[in-house]
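K.L.:
Following this line is structure-v8.cif, made up of mmCIF, C-alpha atoms (C1' of nucleotides):
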```
data_start
loop_
_atom_site.label_atom_id
_atom_site.label_comp_id
_atom_site.auth_asym_id
_atom_site.auth_seq_id
_atom_site.Cartn_x
_atom_site.Cartn_y
_atom_site.Cartn_z
CA MET A 13 59.91 101.09 102.49
CA THR A 14 57.86 103.43 100.39
CA PHE A 15 54.46 104.90 100.95
CA LYS A 16 53.08 102.17 98.75
CA ASP A 17 54.51 99.39 100.86
CA GLN A 18 53.27 101.09 104.00
CA VAL A 19 49.75 101.26 102.69
CA LEU A 20 49.82 97.64 101.61
CA ALA A 21 51.17 96.54 104.98
CA ILE A 22 48.54 98.51 106.86
CA VAL A 23 45.66 97.18 104.81
CA LYS A 24 47.01 93.68 105.16
CA LYS A 25 47.04 94.13 108.90
CA ILE A 26 43.42 95.13 109.14
CA PRO A 27 41.93 92.67 111.66
CA LYS A 28 38.65 90.90 111.15
CA GLY A 29 35.66 92.94 112.06
CA LYS A 30 37.51 96.16 111.42
CA VAL A 31 37.68 98.58 108.51
CA LEU A 32 39.73 101.63 107.77
CA THR A 33 38.98 104.62 105.62
CA TYR A 34 41.30 105.71 102.84
CA GLN A 35 42.18 108.70 104.93
CA GLU A 36 43.03 106.58 107.93
CA VAL A 37 45.26 104.34 105.87
CA ALA A 38 46.93 107.29 104.20
CA LYS A 39 47.40 108.91 107.56
CA ARG A 40 49.08 105.81 108.98
CA ALA A 41 51.22 105.54 105.86
CA GLY A 42 52.56 108.99 106.49
CA SER A 43 50.38 111.18 104.26
CA PRO A 44 47.03 112.17 105.83
CA ASN A 45 45.71 113.53 102.56
CA ALA A 46 46.98 110.94 100.14
CA SER A 47 43.61 109.27 99.88
CA ARG A 48 43.89 109.07 96.11
CA ALA A 49 47.30 107.53 96.25
CA VAL A 50 46.00 104.81 98.57
CA GLY A 51 43.33 103.75 96.12
CA SER A 52 45.73 103.86 93.24
CA ILE A 53 48.22 101.67 95.09
CA LEU A 54 45.65 99.09 96.09
CA LYS A 55 44.55 98.89 92.50
CA LYS A 56 47.98 98.03 91.17
CA ASN A 57 48.92 95.80 94.05
CA PHE A 58 45.98 93.48 93.95
CA ASP A 59 47.05 90.90 96.51
CA PRO A 60 44.65 88.39 98.09
CA LYS A 61 45.97 89.63 101.40
CA ILE A 62 44.71 93.08 100.64
CA PRO A 63 41.01 93.24 101.51
CA CYS A 64 40.14 96.31 99.49
CA HIS A 65 36.53 95.88 100.47
CA ARG A 66 37.62 96.56 104.03
CA VAL A 67 39.00 99.91 103.00
CA ILE A 68 36.16 102.39 102.80
CA ARG A 69 35.73 106.03 101.99
CA SER A 70 35.18 108.76 104.53
CA ASP A 71 31.51 108.64 103.69
CA GLY A 72 31.37 105.13 105.05
CA ILE A 73 30.85 103.78 101.55
CA ALA A 74 33.21 101.20 100.12
CA GLY A 75 35.36 102.17 97.17
CA GLU A 76 35.25 100.37 93.88
CA TYR A 77 36.81 97.02 94.58
CA ASN A 78 38.11 95.60 91.29
CA ARG A 79 36.46 98.30 89.20
CA GLY A 80 33.07 97.19 90.37
CA ARG A 81 31.98 96.59 93.90
CA SER A 82 31.94 92.97 94.95
CA ASN A 83 29.17 91.25 96.80
CA LYS A 84 31.45 91.24 99.80
CA ILE A 85 30.58 94.84 100.31
CA LYS A 86 27.09 93.67 100.99
CA LEU A 87 28.47 91.56 103.80
CA LEU A 88 30.25 94.58 105.21
CA LYS A 89 26.95 96.38 105.15
CA LYS A 90 25.42 93.59 107.15
CA GLU A 91 28.32 93.82 109.56
CA GLY A 92 27.38 97.43 110.04
CA TYR A 93 30.43 99.19 108.67
CA ILE A 94 28.63 100.73 105.76
CA LYS A 95 25.41 102.65 105.93
"C1'" DG B 15 62.80 113.90 84.14
"C1'" DA B 16 58.12 115.63 83.06
"C1'" DG B 17 53.41 114.88 82.43
"C1'" DC B 18 49.14 112.27 82.86
"C1'" DT B 19 46.08 109.38 85.42
"C1'" DG B 20 43.37 107.83 89.30
"C1'" DA B 21 39.40 102.74 93.39
"C1'" DC B 22 39.25 110.17 97.01
"C1'" DA B 23 38.19 114.44 100.09
"C1'" DT B 24 36.36 118.82 100.94
"C1'" DG B 25 34.22 123.07 99.78
"C1'" DT B 26 31.09 125.79 97.15
"C1'" DT B 27 27.23 126.54 94.08
"C1'" DC C 17 20.08 118.17 100.32
"C1'" DA C 18 22.52 116.99 95.80
"C1'" DA C 19 25.67 117.90 92.17
"C1'" DC C 20 29.86 120.19 90.35
"C1'" DA C 21 34.45 121.82 90.57
"C1'" DT C 22 39.12 122.00 92.62
"C1'" DG C 23 42.97 120.22 95.24
"C1'" DC C 24 45.85 116.45 97.32
"C1'" DC C 25 49.60 112.58 96.79
"C1'" DA C 26 51.76 108.83 94.75
"C1'" DG C 27 52.37 105.71 90.88
"C1'" DC C 28 52.84 104.74 85.90
"C1'" DT C 29 53.94 105.84 80.92
#
```
Would you mind writing the structure in this file as structure tokens?

P.N.:
Amino acid sequence: MTFKDQVLAIVKKIPKGKVLTYQEVAKRAGSPNASRAVGSILKKNFDPKIPCHRVIRSDGIAGEYNRGRSNKIKLLKKEGYIK
DNA sequence: GAGCTGACATGTT
DNA sequence: CAACATGCCAGCT
């Protein structure tokens, strides 16, 4: 099980109505400061089980889901996860 | 095996 | 307060 798999597993396990920051995911994966690695991994492992839009930055802003933020981010905003 | 790239974070200017 | 520059870690070529 590599860091990559850990990250993927963690993101996949994000329950509904919950979001994690890149730092949180990286932290759980075993590297608290591997925020960049987390994004890079999600990018290459684009699984439908991986809700990238549920993984946000420390700022509370969603990252770039699929090289361009999806409208789903807008839903997250409505949910109250993003400012 | 080494180097480059990247969907970020934090600090400083 | 906003923008720029540097550093971090892992993956890919």

K.L.:
To test your reading of the syntax: which residues would the PyMOL selection byres ((chain A) within 9 of (chain C)) return for the file shown? Reply as JSON, numbers by chain.

P.N.:
{"A": [15, 16, 43, 45, 46, 47, 48, 49, 50, 52, 53, 56]}

K.L.:
When you count all atoms listed in the file, which of these residues is closest to chain B: A:Arg40, A:Lys30, A:Arg69, A:Lys61?

P.N.:
A:Arg69

K.L.:
Within 12 Å of chain B, which residues of chain A are there when counting all atoms listed in the file? Please give them as a ChimeraX atom specification.

P.N.:
/A:33-35,38,44-58,64-65,67-71,73-81

K.L.:
Could you save the residues just selected, with C-alpha atoms, as a PDB file, in the frame of the given file?

P.N.:
```pdb
ATOM      1  CA  THR A  33      38.980 104.620 105.620  1.00  0.00           C
ATOM      2  CA  TYR A  34      41.300 105.710 102.840  1.00  0.00           C
ATOM      3  CA  GLN A  35      42.180 108.700 104.930  1.00  0.00           C
ATOM      4  CA  ALA A  38      46.930 107.290 104.200  1.00  0.00           C
ATOM      5  CA  PRO A  44      47.030 112.170 105.830  1.00  0.00           C
ATOM      6  CA  ASN A  45      45.710 113.530 102.560  1.00  0.00           C
ATOM      7  CA  ALA A  46      46.980 110.940 100.140  1.00  0.00           C
ATOM      8  CA  SER A  47      43.610 109.270  99.880  1.00  0.00           C
ATOM      9  CA  ARG A  48      43.890 109.070  96.110  1.00  0.00           C
ATOM     10  CA  ALA A  49      47.300 107.530  96.250  1.00  0.00           C
ATOM     11  CA  VAL A  50      46.000 104.810  98.570  1.00  0.00           C
ATOM     12  CA  GLY A  51      43.330 103.750  96.120  1.00  0.00           C
ATOM     13  CA  SER A  52      45.730 103.860  93.240  1.00  0.00           C
ATOM     14  CA  ILE A  53      48.220 101.670  95.090  1.00  0.00           C
ATOM     15  CA  LEU A  54      45.650  99.090  96.090  1.00  0.00           C
ATOM     16  CA  LYS A  55      44.550  98.890  92.500  1.00  0.00           C
ATOM     17  CA  LYS A  56      47.980  98.030  91.170  1.00  0.00           C
ATOM     18  CA  ASN A  57      48.920  95.800  94.050  1.00  0.00           C
ATOM     19  CA  PHE A  58      45.980  93.480  93.950  1.00  0.00           C
ATOM     20  CA  CYS A  64      40.140  96.310  99.490  1.00  0.00           C
ATOM     21  CA  HIS A  65      36.530  95.880 100.470  1.00  0.00           C
ATOM     22  CA  VAL A  67      39.000  99.910 103.000  1.00  0.00           C
ATOM     23  CA  ILE A  68      36.160 102.390 102.800  1.00  0.00           C
ATOM     24  CA  ARG A  69      35.730 106.030 101.990  1.00  0.00           C
ATOM     25  CA  SER A  70      35.180 108.760 104.530  1.00  0.00           C
ATOM     26  CA  ASP A  71      31.510 108.640 103.690  1.00  0.00           C
ATOM     27  CA  ILE A  73      30.850 103.780 101.550  1.00  0.00           C
ATOM     28  CA  ALA A  74      33.210 101.200 100.120  1.00  0.00           C
ATOM     29  CA  GLY A  75      35.360 102.170  97.170  1.00  0.00           C
ATOM     30  CA  GLU A  76      35.250 100.370  93.880  1.00  0.00           C
ATOM     31  CA  TYR A  77      36.810  97.020  94.580  1.00  0.00           C
ATOM     32  CA  ASN A  78      38.110  95.600  91.290  1.00  0.00           C
ATOM     33  CA  ARG A  79      36.460  98.300  89.200  1.00  0.00           C
ATOM     34  CA  GLY A  80      33.070  97.190  90.370  1.00  0.00           C
ATOM     35  CA  ARG A  81      31.980  96.590  93.900  1.00  0.00           C
TER      36      ARG A  81
END
```

K.L.:
Could you work out how far atom CA of A:Ile26 lies from atom CA of A:Lys90, giving the answer in Å with one decimal?

P.N.:
18.2 Å

K.L.:
Just the number, please: distance in Å from atom CA of A:Ile94 to atom CA of A:Val37, one decimal.

P.N.:
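These two atoms are separated by 17.0 Å.
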
K.L.:
Using Å and a single decimal, report how far atom CA of A:Pro60 sits from atom CA of A:Lys89.

P.N.:
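Value for the atom CA of A:Lys89-atom CA of A:Pro60 distance: 20.7 Å.
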
K.L.:
Each side padded by 5 Å, which centre and which edge lengths in Å (one decimal) define the axis-aligned box around the listed atoms of chain B? Give them as JSON.

P.N.:
```
{"center_x": 45.0, "center_y": 114.6, "center_z": 91.7, "size_x": 45.6, "size_y": 33.8, "size_z": 28.5}
```

K.L.:
List the neighbours of A:Pro27 out to 12 Å using only C-alpha atoms (C1' of nucleotides); skip same-chain residues closer than 2 positions along the sequence, and give me the result as JSON, numbers by chain.

P.N.:
{"A": [22, 23, 24, 25, 29, 30, 31, 32, 61, 62, 63, 66, 67]}

K.L.:
Atoms to include: C-alpha atoms. Write the selected residues as a PDB file, in the coordinates of the input.

P.N.:
```pdb
ATOM      1  CA  ILE A  22      48.540  98.510 106.860  1.00  0.00           C
ATOM      2  CA  VAL A  23      45.660  97.180 104.810  1.00  0.00           C
ATOM      3  CA  LYS A  24      47.010  93.680 105.160  1.00  0.00           C
ATOM      4  CA  LYS A  25      47.040  94.130 108.900  1.00  0.00           C
ATOM      5  CA  GLY A  29      35.660  92.940 112.060  1.00  0.00           C
ATOM      6  CA  LYS A  30      37.510  96.160 111.420  1.00  0.00           C
ATOM      7  CA  VAL A  31      37.680  98.580 108.510  1.00  0.00           C
ATOM      8  CA  LEU A  32      39.730 101.630 107.770  1.00  0.00           C
ATOM      9  CA  LYS A  61      45.970  89.630 101.400  1.00  0.00           C
ATOM     10  CA  ILE A  62      44.710  93.080 100.640  1.00  0.00           C
ATOM     11  CA  PRO A  63      41.010  93.240 101.510  1.00  0.00           C
ATOM     12  CA  ARG A  66      37.620  96.560 104.030  1.00  0.00           C
ATOM     13  CA  VAL A  67      39.000  99.910 103.000  1.00  0.00           C
TER      14      VAL A  67
END
```
